[in-house]
$ cat target_35.txt   # compact mmCIF, C-alpha atoms
# COMPACT_ATOMS: atom_id res chain seq x y z
CA MET V 1 0.00 0.00 0.00
CA ARG V 2 1.01 3.60 -0.56
CA TYR V 3 -0.02 6.55 1.55
CA ARG V 4 -0.89 10.21 1.08
CA ARG V 5 -1.80 13.12 3.37
CA PHE V 6 -4.28 15.94 3.63
CA LEU V 7 -1.98 18.91 3.14
CA LYS V 8 -3.63 21.15 5.76
CA SER V 9 -4.30 18.76 8.65
CA GLY V 10 -1.51 16.26 7.92
CA VAL V 11 -3.95 13.37 8.43
CA THR V 12 -2.67 10.24 6.65
CA THR V 13 -4.69 8.24 4.12
CA SER V 14 -4.08 5.01 2.23
CA GLU V 15 -4.37 5.38 -1.54
CA VAL V 16 -7.12 2.76 -1.38
CA GLY V 17 -9.59 3.35 1.43
CA PHE V 18 -12.68 1.48 2.62
CA GLY V 19 -16.17 2.98 2.49
CA LEU V 20 -18.54 1.32 4.94
CA TRP V 21 -21.70 1.99 2.94
CA THR V 22 -21.41 -1.49 1.38
CA LEU V 23 -21.37 -3.16 4.79
CA SER V 24 -23.80 -1.09 6.81
CA THR V 25 -26.60 0.25 4.60
CA GLY V 26 -28.10 -2.88 3.00
CA TRP V 27 -27.96 -1.30 -0.47
CA TRP V 28 -25.56 -4.04 -1.66
CA GLY V 29 -27.24 -6.87 0.21
CA ASN V 30 -27.29 -7.68 3.89
CA VAL V 31 -23.99 -8.36 5.66
CA THR V 32 -23.73 -9.76 9.20
CA ASP V 33 -21.71 -7.87 11.79
CA GLN V 34 -19.30 -10.79 12.03
CA ASP V 35 -18.62 -10.84 8.28
CA ALA V 36 -18.32 -7.06 8.13
CA ILE V 37 -15.79 -6.96 10.96
CA ARG V 38 -13.76 -9.76 9.38
CA LEU V 39 -13.60 -7.88 6.06
CA LEU V 40 -12.58 -4.62 7.74
CA GLN V 41 -9.80 -6.36 9.59
CA ARG V 42 -8.61 -8.06 6.40
CA ALA V 43 -8.48 -4.64 4.76
CA TYR V 44 -6.07 -3.52 7.48
CA ASP V 45 -3.92 -6.59 6.74
CA PHE V 46 -3.64 -5.32 3.15
CA GLY V 47 -2.41 -1.95 4.36
CA ILE V 48 -5.69 -0.03 4.18
CA ILE V 49 -5.86 2.49 7.04
CA PHE V 50 -8.50 4.97 5.81
CA TYR V 51 -12.09 4.07 6.70
CA ASP V 52 -14.98 6.28 5.61
CA THR V 53 -18.44 6.03 7.11
CA ALA V 54 -21.33 8.31 8.14
CA ASP V 55 -23.50 8.55 11.22
CA THR V 56 -26.54 7.82 9.08
CA TYR V 57 -25.15 4.61 7.52
CA GLY V 58 -27.39 1.99 9.08
CA ASN V 59 -28.44 4.63 11.65
CA GLY V 60 -25.06 4.43 13.38
CA ARG V 61 -24.19 0.88 12.38
CA GLY V 62 -21.21 1.86 10.22
CA GLU V 63 -19.54 3.68 13.10
CA THR V 64 -20.26 0.87 15.53
CA LEU V 65 -18.73 -1.68 13.16
CA LEU V 66 -15.54 0.38 12.96
CA ALA V 67 -15.29 0.51 16.73
CA LYS V 68 -15.70 -3.26 17.02
CA ALA V 69 -13.22 -4.01 14.25
CA PHE V 70 -10.44 -1.68 15.46
CA ARG V 71 -10.91 -1.36 19.20
CA ASP V 72 -7.22 -2.19 19.78
CA ARG V 73 -5.91 -0.32 16.73
CA ARG V 74 -7.56 3.10 16.97
CA ASN V 75 -4.26 4.96 16.68
CA GLN V 76 -3.25 2.92 13.63
CA ILE V 77 -6.19 3.87 11.42
CA THR V 78 -7.76 7.06 10.06
CA ILE V 79 -11.48 7.51 10.68
CA SER V 80 -13.67 9.63 8.43
CA THR V 81 -17.35 10.11 9.16
CA LYS V 82 -20.16 12.49 8.22
CA PHE V 83 -22.98 14.45 9.81
CA GLY V 84 -26.09 16.37 8.84
CA TYR V 85 -28.95 13.92 8.34
CA ASP V 86 -31.20 13.88 11.40
CA PHE V 87 -31.86 10.15 11.62
CA TYR V 88 -32.46 10.52 15.36
CA HIS V 89 -35.91 11.95 14.56
CA TYR V 90 -36.38 10.31 11.13
CA ALA V 91 -35.14 6.78 11.68
CA GLY V 92 -37.43 4.85 9.34
CA GLU V 93 -36.22 2.62 6.53
CA ARG V 94 -34.65 4.43 3.58
CA LYS V 95 -34.11 2.97 0.12
CA GLY V 96 -31.38 3.95 -2.31
CA GLN V 97 -30.71 7.67 -2.40
CA GLN V 98 -33.91 8.72 -0.67
CA GLU V 99 -33.04 11.57 1.71
CA ILE V 100 -34.29 12.57 5.14
CA PRO V 101 -34.22 16.12 6.62
CA GLN V 102 -30.86 17.67 7.39
CA ASP V 103 -29.95 19.80 10.40
CA PHE V 104 -26.85 21.99 10.34
CA SER V 105 -27.55 24.06 13.43
CA PRO V 106 -24.60 24.43 15.86
CA GLN V 107 -26.51 22.53 18.54
CA TYR V 108 -27.22 19.59 16.26
CA ILE V 109 -23.67 19.44 14.87
CA ARG V 110 -22.17 19.26 18.36
CA PHE V 111 -24.75 16.69 19.42
CA ALA V 112 -24.10 14.57 16.29
CA CYS V 113 -20.35 14.77 16.83
CA GLU V 114 -20.60 13.58 20.43
CA GLU V 115 -22.87 10.70 19.42
CA SER V 116 -20.44 9.65 16.68
CA LEU V 117 -17.54 9.76 19.13
CA LYS V 118 -19.46 7.45 21.46
CA ARG V 119 -20.29 4.94 18.71
CA LEU V 120 -16.71 5.05 17.38
CA GLU V 121 -15.36 4.67 20.92
CA THR V 122 -12.78 7.37 20.35
CA ASP V 123 -11.93 10.85 21.58
CA HIS V 124 -11.48 12.39 18.12
CA ILE V 125 -12.53 12.06 14.48
CA ASP V 126 -9.73 12.42 11.93
CA PHE V 127 -11.88 13.81 9.12
CA TYR V 128 -15.43 15.10 9.67
CA GLN V 129 -17.65 15.81 6.65
CA VAL V 130 -20.78 17.81 5.92
CA HIS V 131 -22.92 15.04 4.43
CA ASN V 132 -24.24 15.80 0.93
CA SER V 133 -23.65 19.53 1.05
CA LYS V 134 -26.14 21.75 -0.75
CA MET V 135 -25.53 25.45 -1.30
CA ASP V 136 -27.42 26.47 1.84
CA ALA V 137 -24.93 24.45 3.88
CA VAL V 138 -21.95 25.87 1.99
CA MET V 139 -23.17 29.41 2.74
CA ASN V 140 -23.92 28.69 6.42
CA ASP V 141 -21.31 30.62 8.44
CA GLU V 142 -22.46 29.09 11.74
CA LEU V 143 -21.89 25.60 10.38
CA PHE V 144 -18.23 26.23 9.61
CA GLU V 145 -17.68 28.26 12.78
CA THR V 146 -18.95 25.22 14.70
CA LEU V 147 -16.53 22.94 12.84
CA GLU V 148 -13.66 25.29 13.68
CA GLY V 149 -14.78 25.12 17.31
CA LEU V 150 -14.79 21.32 17.27
CA LYS V 151 -11.31 21.41 15.78
CA SER V 152 -10.08 23.78 18.50
CA ASP V 153 -11.59 21.46 21.11
CA GLY V 154 -9.68 18.49 19.65
CA LYS V 155 -12.90 16.64 18.78
CA ILE V 156 -11.96 16.61 15.09
CA LEU V 157 -8.59 16.95 13.36
CA GLY V 158 -9.91 18.20 10.03
CA TYR V 159 -13.14 18.67 8.16
CA GLY V 160 -14.59 18.86 4.69
CA ALA V 161 -17.64 18.31 2.53
CA ALA V 162 -19.11 15.27 0.81
CA LEU V 163 -21.02 16.02 -2.39
CA GLY V 164 -24.06 14.08 -3.47
CA PRO V 165 -26.10 11.99 -3.53
CA ALA V 166 -26.06 12.27 -7.34
CA ILE V 167 -22.95 13.09 -9.33
CA GLY V 168 -23.73 16.81 -9.63
CA TRP V 169 -23.22 19.69 -7.18
CA ARG V 170 -20.49 21.37 -9.26
CA ASP V 171 -21.21 24.86 -7.93
CA GLU V 172 -21.29 23.65 -4.33
CA GLY V 173 -17.94 21.89 -4.67
CA ILE V 174 -16.15 24.86 -6.17
CA LYS V 175 -17.73 27.34 -3.76
CA VAL V 176 -16.89 25.38 -0.62
CA MET V 177 -13.25 25.01 -1.69
CA GLN V 178 -12.94 28.68 -2.54
CA THR V 179 -14.66 30.14 0.52
CA ARG V 180 -14.15 27.68 3.39
CA LYS V 181 -11.09 26.29 5.16
CA ILE V 182 -11.86 22.71 4.28
CA ASP V 183 -9.23 19.97 4.29
CA GLY V 184 -10.97 17.69 1.83
CA LEU V 185 -13.75 17.32 -0.72
CA HIS V 186 -15.50 13.98 -1.24
CA MET V 187 -16.96 13.33 -4.70
CA ILE V 188 -17.85 10.83 -7.44
CA TYR V 189 -15.32 10.53 -10.28
CA ASN V 190 -14.25 7.75 -12.60
CA MET V 191 -13.24 7.06 -16.20
CA LEU V 192 -16.87 6.89 -17.31
CA GLU V 193 -18.17 9.80 -15.18
CA GLN V 194 -15.59 12.56 -15.29
CA GLU V 195 -17.92 15.53 -14.88
CA PRO V 196 -18.13 17.65 -12.83
CA GLY V 197 -15.16 16.13 -10.96
CA CYS V 198 -12.67 17.25 -13.59
CA ASP V 199 -13.58 20.87 -12.76
CA PHE V 200 -12.62 20.39 -9.10
CA PHE V 201 -8.99 19.36 -9.51
CA PRO V 202 -7.51 22.77 -10.48
CA VAL V 203 -9.29 24.46 -7.57
CA ALA V 204 -8.27 21.70 -5.17
CA GLU V 205 -4.61 22.06 -6.12
CA GLU V 206 -4.76 25.84 -5.76
CA ARG V 207 -6.49 25.68 -2.36
CA GLN V 208 -4.55 22.61 -1.11
CA VAL V 209 -7.73 20.60 -0.67
CA GLY V 210 -7.48 16.80 -0.66
CA ILE V 211 -9.91 14.98 -2.95
CA LEU V 212 -11.62 11.76 -1.86
CA VAL V 213 -13.13 9.77 -4.72
CA ARG V 214 -15.99 7.34 -4.29
CA VAL V 215 -17.63 5.16 -6.98
CA PRO V 216 -14.28 4.82 -8.83
CA HIS V 217 -15.67 1.80 -10.71
CA SER V 218 -18.88 3.49 -11.89
CA SER V 219 -21.18 1.33 -9.76
CA GLY V 220 -19.25 -1.82 -10.69
CA MET V 221 -19.15 -1.25 -14.45
CA LEU V 222 -15.35 -0.88 -14.37
CA GLU V 223 -14.81 -4.05 -12.37
CA GLY V 224 -15.01 -6.12 -15.54
CA VAL V 225 -17.60 -8.56 -14.22
CA TYR V 226 -20.81 -7.42 -15.93
CA THR V 227 -22.20 -9.10 -19.05
CA PRO V 228 -25.30 -8.37 -21.15
CA ASP V 229 -27.10 -10.98 -19.02
CA THR V 230 -26.19 -9.45 -15.64
CA GLN V 231 -29.18 -8.99 -13.36
CA PHE V 232 -29.30 -7.39 -9.93
CA ASP V 233 -31.35 -8.41 -6.93
CA GLU V 234 -34.39 -6.19 -6.49
CA LYS V 235 -32.94 -4.97 -3.16
CA ASP V 236 -29.74 -3.86 -4.90
CA HIS V 237 -29.83 -0.15 -5.77
CA ARG V 238 -28.36 -0.94 -9.23
CA SER V 239 -31.57 -2.79 -10.14
CA HIS V 240 -33.23 0.61 -10.57
CA ARG V 241 -30.89 1.66 -13.39
CA PRO V 242 -32.24 1.54 -16.96
CA ARG V 243 -31.19 -1.25 -19.31
CA SER V 244 -29.32 1.33 -21.41
CA TRP V 245 -26.85 1.91 -18.55
CA LEU V 246 -25.68 -1.71 -18.76
CA VAL V 247 -25.67 -2.06 -22.55
CA GLU V 248 -23.87 1.22 -23.22
CA GLY V 249 -21.53 0.81 -20.27
CA LEU V 250 -20.29 -2.54 -21.54
CA GLN V 251 -19.33 -0.92 -24.85
CA LYS V 252 -17.29 1.68 -22.98
CA VAL V 253 -15.46 -0.99 -21.01
CA GLU V 254 -14.67 -2.80 -24.27
CA ARG V 255 -13.04 0.41 -25.61
CA LEU V 256 -10.83 0.55 -22.50
CA LYS V 257 -9.31 -2.92 -22.96
CA PHE V 258 -6.01 -1.38 -24.02
CA LEU V 259 -5.44 -0.56 -20.33
CA THR V 260 -5.19 -4.26 -19.49
CA GLN V 261 -3.36 -5.71 -22.48
CA ASP V 262 0.21 -6.62 -21.46
CA THR V 263 0.13 -4.02 -18.66
CA GLY V 264 -0.13 -6.20 -15.56
CA ARG V 265 -3.36 -4.46 -14.56
CA THR V 266 -7.00 -5.55 -14.45
CA ILE V 267 -9.61 -3.03 -15.57
CA SER V 268 -10.62 -2.39 -11.96
CA GLN V 269 -7.00 -1.66 -11.04
CA ALA V 270 -6.61 0.63 -14.06
CA ALA V 271 -9.73 2.51 -12.92
CA LEU V 272 -8.09 3.23 -9.55
CA LYS V 273 -4.76 4.20 -11.12
CA PHE V 274 -6.59 6.66 -13.39
CA ILE V 275 -7.90 8.50 -10.35
CA LEU V 276 -4.64 8.30 -8.41
CA ALA V 277 -2.88 10.02 -11.31
CA GLN V 278 -4.45 13.24 -10.01
CA PRO V 279 -2.03 14.79 -7.47
CA SER V 280 -4.81 16.31 -5.35
CA VAL V 281 -6.46 12.92 -4.73
CA VAL V 282 -5.73 11.62 -1.24
CA THR V 283 -7.69 8.36 -1.40
CA THR V 284 -10.02 6.24 -3.53
CA LEU V 285 -13.04 4.51 -2.02
CA PRO V 286 -14.09 1.50 -4.12
CA ASN V 287 -17.20 -0.46 -3.22
CA ILE V 288 -15.87 -3.48 -1.33
CA TYR V 289 -18.11 -6.40 -0.43
CA ASN V 290 -15.89 -9.49 -0.55
CA GLU V 291 -12.27 -10.48 0.03
CA ASN V 292 -11.46 -11.15 -3.62
CA GLN V 293 -12.37 -7.59 -4.51
CA LEU V 294 -10.47 -6.31 -1.51
CA ARG V 295 -7.31 -8.11 -2.58
CA GLU V 296 -7.58 -6.88 -6.18
CA PHE V 297 -8.26 -3.26 -5.24
CA ALA V 298 -5.60 -3.07 -2.54
CA SER V 299 -2.95 -4.44 -4.91
CA ALA V 300 -3.83 -1.85 -7.57
CA VAL V 301 -1.27 0.54 -6.10
CA ASP V 302 1.49 -1.93 -6.98
CA THR V 303 0.56 -2.06 -10.67
CA PRO V 304 2.14 0.29 -13.23
CA ASP V 305 0.98 3.90 -13.27
CA LEU V 306 -0.99 4.91 -16.35
CA THR V 307 1.23 6.42 -19.01
CA LYS V 308 0.64 9.87 -20.47
CA ALA V 309 -0.42 8.23 -23.74
CA GLU V 310 -2.97 6.02 -21.95
CA ILE V 311 -4.47 8.98 -20.11
CA GLU V 312 -4.70 10.95 -23.35
CA GLN V 313 -6.45 8.02 -25.04
CA ILE V 314 -8.99 7.83 -22.20
CA GLU V 315 -9.65 11.56 -22.52
CA ALA V 316 -10.15 11.27 -26.28
CA LEU V 317 -12.61 8.39 -25.85
CA TYR V 318 -14.53 10.27 -23.16
CA LYS V 319 -14.95 13.31 -25.43
CA CYS V 320 -16.52 11.06 -28.08
CA ASN V 321 -18.66 9.17 -25.54
CA PHE V 322 -16.55 6.08 -26.29
CA TYR V 323 -18.27 5.79 -29.71
CA VAL V 324 -21.13 3.84 -28.13
CA LYS V 325 -24.25 2.73 -29.94
CA SER V 326 -27.58 3.19 -28.20
CA ALA V 327 -29.06 0.25 -26.33
CA GLU V 328 -31.82 0.06 -28.98
CA GLU V 329 -29.27 -0.22 -31.81
CA VAL V 330 -27.26 -2.89 -30.02
CA GLU V 331 -30.22 -5.07 -29.12
CA LYS V 332 -31.78 -4.68 -32.55
CA SER V 333 -28.60 -5.97 -34.21
CA SER V 334 -28.07 -8.87 -31.78
$ encode --input "target_35.txt" --output "structure tokens"
Amino acid sequence: MRYRRFLKSGVTTSEVGFGLWTLSTGWWGNVTDQDAIRLLQRAYDFGIIFYDTADTYGNGRGETLLAKAFRDRRNQITISTKFGYDFYHYAGERKGQQEIPQDFSPQYIRFACEESLKRLETDHIDFYQVHNSKMDAVMNDELFETLEGLKSDGKILGYGAALGPAIGWRDEGIKVMQTRKIDGLHMIYNMLEQEPGCDFFPVAEERQVGILVRVPHSSGMLEGVYTPDTQFDEKDHRSHRPRSWLVEGLQKVERLKFLTQDTGRTISQAALKFILAQPSVVTTLPNIYNENQLREFASAVDTPDLTKAEIEQIEALYKCNFYVKSAEEVEKSS
């Protein structure tokens, strides 16, 4: 494993991190606590030290799992969590990206932080994020004054903003980097979905903001395991995507095969290396739900970096939408 740092706080990250949404939310199938803890501990064995969760993942379950998995190793890992969704008053079942009300008042932020510290069984959070920041949160002076207060109190070492739930929020991302003293910005970015993330990198470098990238494999498309016959369980959030997403995505993956031919990389490893080629990126957060994936993703850092020519070829393909045919055209000709 290789390691990077947030430039402002100095907090250390592993180039491949572990996002607990796959283990704690049920959106990728149900995982027992025992299996989740075992996978988290195996990730540490592979050199992964950065673990990203949120207080709302499983209504606190993600944080509790981290505490159980690393009770004796707290000082050897970096914990990132999020706040803002008031699941204490809106704790019903949520599916997919369905949102509940947010609360960014100073009182709620301090309350949420203390509750997270209890569940994590720690005295500080390494990186604390505004969860799915909209513009009203970005423009909320009290919110960021409260975060500065938590930092002064030693409750958090650094803070930032997570963008979402969809891939958008370009204006919010740029504005929060330009106007707030954030350490990091958490976003979606991958070879198939480069916008608006590509607009964030120049600002991040200028403002010394570390970029955290989730969904680096475009919801599994860049893992190289999908086929035209792939079907998802009805409880899996990917089952709600249109057929065109699968058919057109597979064509894009086919165009990227040059990244794996005589290179020593799988397509999923190339997807991570593409993101890590950006100097402002501090960690990637692939969706991990079994040990085989974990091993493949963690070893990506040991594969060859993408060459300038490879990156230029990816950019050229992206500009032409990978020359894909519509799902209707493909299925009509098959």
$ closest_atom_pairs --input "target_35.txt" --of "stretch 29-59 of chain V" --to "stretch 115-134 of chain V" --cutoff "9 Å" --atoms "all atoms listed in the file" --output "JSON lines"
{"residue": "V:Asp52", "atom": "CA", "partner": "V:Phe127", "partner_atom": "CA", "distance": 8.9}
{"residue": "V:Ala54", "atom": "CA", "partner": "V:His131", "partner_atom": "CA", "distance": 7.8}
{"residue": "V:Asp55", "atom": "CA", "partner": "V:Ser116", "partner_atom": "CA", "distance": 6.4}
$ atom_distance --input "target_35.txt" --atom1 "atom CA of V:Glu315" --atom2 "atom CA of V:Glu296"
24.7 Å
$ closest_residue --input "target_35.txt" --among "V:Ile48, V:Ala112, V:Leu7, V:Leu65" --to "V:Ala298" --atoms "all atoms listed in the file"
V:Ile48
$ closest_residue --input "target_35.txt" --among "V:Leu39, V:Leu147, V:Val138, V:Leu185" --to "V:Phe6" --atoms "only C-alpha atoms"
V:Leu185
$ residues_around --input "target_35.txt" --residues "V:Ile314" --least-positions-apart "3" --cutoff "8 Å" --atoms "all atoms listed in the file" --output "list in words"
Met191, Leu256, Glu310, Ile311, Leu317 and Tyr318 of chain V
$ decode --input "target_35.txt" --residues "stretch 155-251 of chain V" --atoms "C-alpha atoms" --output "PDB file, in the first residue's frame"
ATOM      1  CA  LYS V 155     -12.900  16.639  18.780  1.00  0.00           C
ATOM      2  CA  ILE V 156     -11.963  16.608  15.092  1.00  0.00           C
ATOM      3  CA  LEU V 157      -8.586  16.946  13.362  1.00  0.00           C
ATOM      4  CA  GLY V 158      -9.906  18.196  10.035  1.00  0.00           C
ATOM      5  CA  TYR V 159     -13.140  18.673   8.158  1.00  0.00           C
ATOM      6  CA  GLY V 160     -14.586  18.861   4.686  1.00  0.00           C
ATOM      7  CA  ALA V 161     -17.638  18.310   2.531  1.00  0.00           C
ATOM      8  CA  ALA V 162     -19.105  15.272   0.808  1.00  0.00           C
ATOM      9  CA  LEU V 163     -21.024  16.021  -2.390  1.00  0.00           C
ATOM     10  CA  GLY V 164     -24.063  14.077  -3.467  1.00  0.00           C
ATOM     11  CA  PRO V 165     -26.098  11.985  -3.529  1.00  0.00           C
ATOM     12  CA  ALA V 166     -26.062  12.269  -7.335  1.00  0.00           C
ATOM     13  CA  ILE V 167     -22.952  13.091  -9.327  1.00  0.00           C
ATOM     14  CA  GLY V 168     -23.735  16.807  -9.627  1.00  0.00           C
ATOM     15  CA  TRP V 169     -23.220  19.686  -7.181  1.00  0.00           C
ATOM     16  CA  ARG V 170     -20.495  21.366  -9.259  1.00  0.00           C
ATOM     17  CA  ASP V 171     -21.207  24.863  -7.933  1.00  0.00           C
ATOM     18  CA  GLU V 172     -21.288  23.654  -4.330  1.00  0.00           C
ATOM     19  CA  GLY V 173     -17.939  21.893  -4.669  1.00  0.00           C
ATOM     20  CA  ILE V 174     -16.146  24.865  -6.171  1.00  0.00           C
ATOM     21  CA  LYS V 175     -17.730  27.343  -3.765  1.00  0.00           C
ATOM     22  CA  VAL V 176     -16.891  25.382  -0.621  1.00  0.00           C
ATOM     23  CA  MET V 177     -13.255  25.011  -1.687  1.00  0.00           C
ATOM     24  CA  GLN V 178     -12.936  28.683  -2.537  1.00  0.00           C
ATOM     25  CA  THR V 179     -14.660  30.142   0.517  1.00  0.00           C
ATOM     26  CA  ARG V 180     -14.155  27.685   3.394  1.00  0.00           C
ATOM     27  CA  LYS V 181     -11.087  26.289   5.163  1.00  0.00           C
ATOM     28  CA  ILE V 182     -11.864  22.708   4.284  1.00  0.00           C
ATOM     29  CA  ASP V 183      -9.233  19.972   4.294  1.00  0.00           C
ATOM     30  CA  GLY V 184     -10.969  17.693   1.832  1.00  0.00           C
ATOM     31  CA  LEU V 185     -13.748  17.320  -0.724  1.00  0.00           C
ATOM     32  CA  HIS V 186     -15.502  13.975  -1.244  1.00  0.00           C
ATOM     33  CA  MET V 187     -16.963  13.327  -4.699  1.00  0.00           C
ATOM     34  CA  ILE V 188     -17.848  10.834  -7.440  1.00  0.00           C
ATOM     35  CA  TYR V 189     -15.323  10.527 -10.276  1.00  0.00           C
ATOM     36  CA  ASN V 190     -14.251   7.748 -12.602  1.00  0.00           C
ATOM     37  CA  MET V 191     -13.237   7.065 -16.203  1.00  0.00           C
ATOM     38  CA  LEU V 192     -16.874   6.888 -17.309  1.00  0.00           C
ATOM     39  CA  GLU V 193     -18.166   9.798 -15.184  1.00  0.00           C
ATOM     40  CA  GLN V 194     -15.593  12.565 -15.288  1.00  0.00           C
ATOM     41  CA  GLU V 195     -17.917  15.526 -14.885  1.00  0.00           C
ATOM     42  CA  PRO V 196     -18.130  17.654 -12.830  1.00  0.00           C
ATOM     43  CA  GLY V 197     -15.165  16.131 -10.964  1.00  0.00           C
ATOM     44  CA  CYS V 198     -12.671  17.255 -13.593  1.00  0.00           C
ATOM     45  CA  ASP V 199     -13.576  20.866 -12.758  1.00  0.00           C
ATOM     46  CA  PHE V 200     -12.624  20.386  -9.102  1.00  0.00           C
ATOM     47  CA  PHE V 201      -8.990  19.357  -9.507  1.00  0.00           C
ATOM     48  CA  PRO V 202      -7.511  22.769 -10.476  1.00  0.00           C
ATOM     49  CA  VAL V 203      -9.295  24.456  -7.570  1.00  0.00           C
ATOM     50  CA  ALA V 204      -8.268  21.699  -5.173  1.00  0.00           C
ATOM     51  CA  GLU V 205      -4.609  22.062  -6.123  1.00  0.00           C
ATOM     52  CA  GLU V 206      -4.764  25.841  -5.760  1.00  0.00           C
ATOM     53  CA  ARG V 207      -6.491  25.679  -2.361  1.00  0.00           C
ATOM     54  CA  GLN V 208      -4.546  22.607  -1.110  1.00  0.00           C
ATOM     55  CA  VAL V 209      -7.733  20.601  -0.673  1.00  0.00           C
ATOM     56  CA  GLY V 210      -7.477  16.803  -0.663  1.00  0.00           C
ATOM     57  CA  ILE V 211      -9.912  14.984  -2.949  1.00  0.00           C
ATOM     58  CA  LEU V 212     -11.615  11.761  -1.856  1.00  0.00           C
ATOM     59  CA  VAL V 213     -13.135   9.774  -4.722  1.00  0.00           C
ATOM     60  CA  ARG V 214     -15.989   7.337  -4.290  1.00  0.00           C
ATOM     61  CA  VAL V 215     -17.631   5.160  -6.985  1.00  0.00           C
ATOM     62  CA  PRO V 216     -14.284   4.821  -8.828  1.00  0.00           C
ATOM     63  CA  HIS V 217     -15.671   1.800 -10.712  1.00  0.00           C
ATOM     64  CA  SER V 218     -18.881   3.491 -11.890  1.00  0.00           C
ATOM     65  CA  SER V 219     -21.180   1.327  -9.761  1.00  0.00           C
ATOM     66  CA  GLY V 220     -19.254  -1.825 -10.687  1.00  0.00           C
ATOM     67  CA  MET V 221     -19.146  -1.248 -14.451  1.00  0.00           C
ATOM     68  CA  LEU V 222     -15.349  -0.879 -14.369  1.00  0.00           C
ATOM     69  CA  GLU V 223     -14.808  -4.047 -12.365  1.00  0.00           C
ATOM     70  CA  GLY V 224     -15.007  -6.116 -15.541  1.00  0.00           C
ATOM     71  CA  VAL V 225     -17.601  -8.561 -14.221  1.00  0.00           C
ATOM     72  CA  TYR V 226     -20.808  -7.419 -15.933  1.00  0.00           C
ATOM     73  CA  THR V 227     -22.197  -9.097 -19.055  1.00  0.00           C
ATOM     74  CA  PRO V 228     -25.305  -8.366 -21.151  1.00  0.00           C
ATOM     75  CA  ASP V 229     -27.104 -10.981 -19.016  1.00  0.00           C
ATOM     76  CA  THR V 230     -26.186  -9.447 -15.640  1.00  0.00           C
ATOM     77  CA  GLN V 231     -29.175  -8.992 -13.361  1.00  0.00           C
ATOM     78  CA  PHE V 232     -29.302  -7.387  -9.927  1.00  0.00           C
ATOM     79  CA  ASP V 233     -31.349  -8.406  -6.934  1.00  0.00           C
ATOM     80  CA  GLU V 234     -34.387  -6.185  -6.485  1.00  0.00           C
ATOM     81  CA  LYS V 235     -32.941  -4.967  -3.161  1.00  0.00           C
ATOM     82  CA  ASP V 236     -29.738  -3.865  -4.901  1.00  0.00           C
ATOM     83  CA  HIS V 237     -29.826  -0.150  -5.772  1.00  0.00           C
ATOM     84  CA  ARG V 238     -28.363  -0.943  -9.226  1.00  0.00           C
ATOM     85  CA  SER V 239     -31.568  -2.792 -10.138  1.00  0.00           C
ATOM     86  CA  HIS V 240     -33.228   0.611 -10.567  1.00  0.00           C
ATOM     87  CA  ARG V 241     -30.886   1.662 -13.389  1.00  0.00           C
ATOM     88  CA  PRO V 242     -32.237   1.540 -16.957  1.00  0.00           C
ATOM     89  CA  ARG V 243     -31.186  -1.252 -19.312  1.00  0.00           C
ATOM     90  CA  SER V 244     -29.321   1.326 -21.410  1.00  0.00           C
ATOM     91  CA  TRP V 245     -26.854   1.910 -18.551  1.00  0.00           C
ATOM     92  CA  LEU V 246     -25.681  -1.711 -18.762  1.00  0.00           C
ATOM     93  CA  VAL V 247     -25.667  -2.062 -22.553  1.00  0.00           C
ATOM     94  CA  GLU V 248     -23.868   1.224 -23.221  1.00  0.00           C
ATOM     95  CA  GLY V 249     -21.527   0.815 -20.269  1.00  0.00           C
ATOM     96  CA  LEU V 250     -20.289  -2.540 -21.538  1.00  0.00           C
ATOM     97  CA  GLN V 251     -19.335  -0.918 -24.853  1.00  0.00           C
TER      98      GLN V 251
END
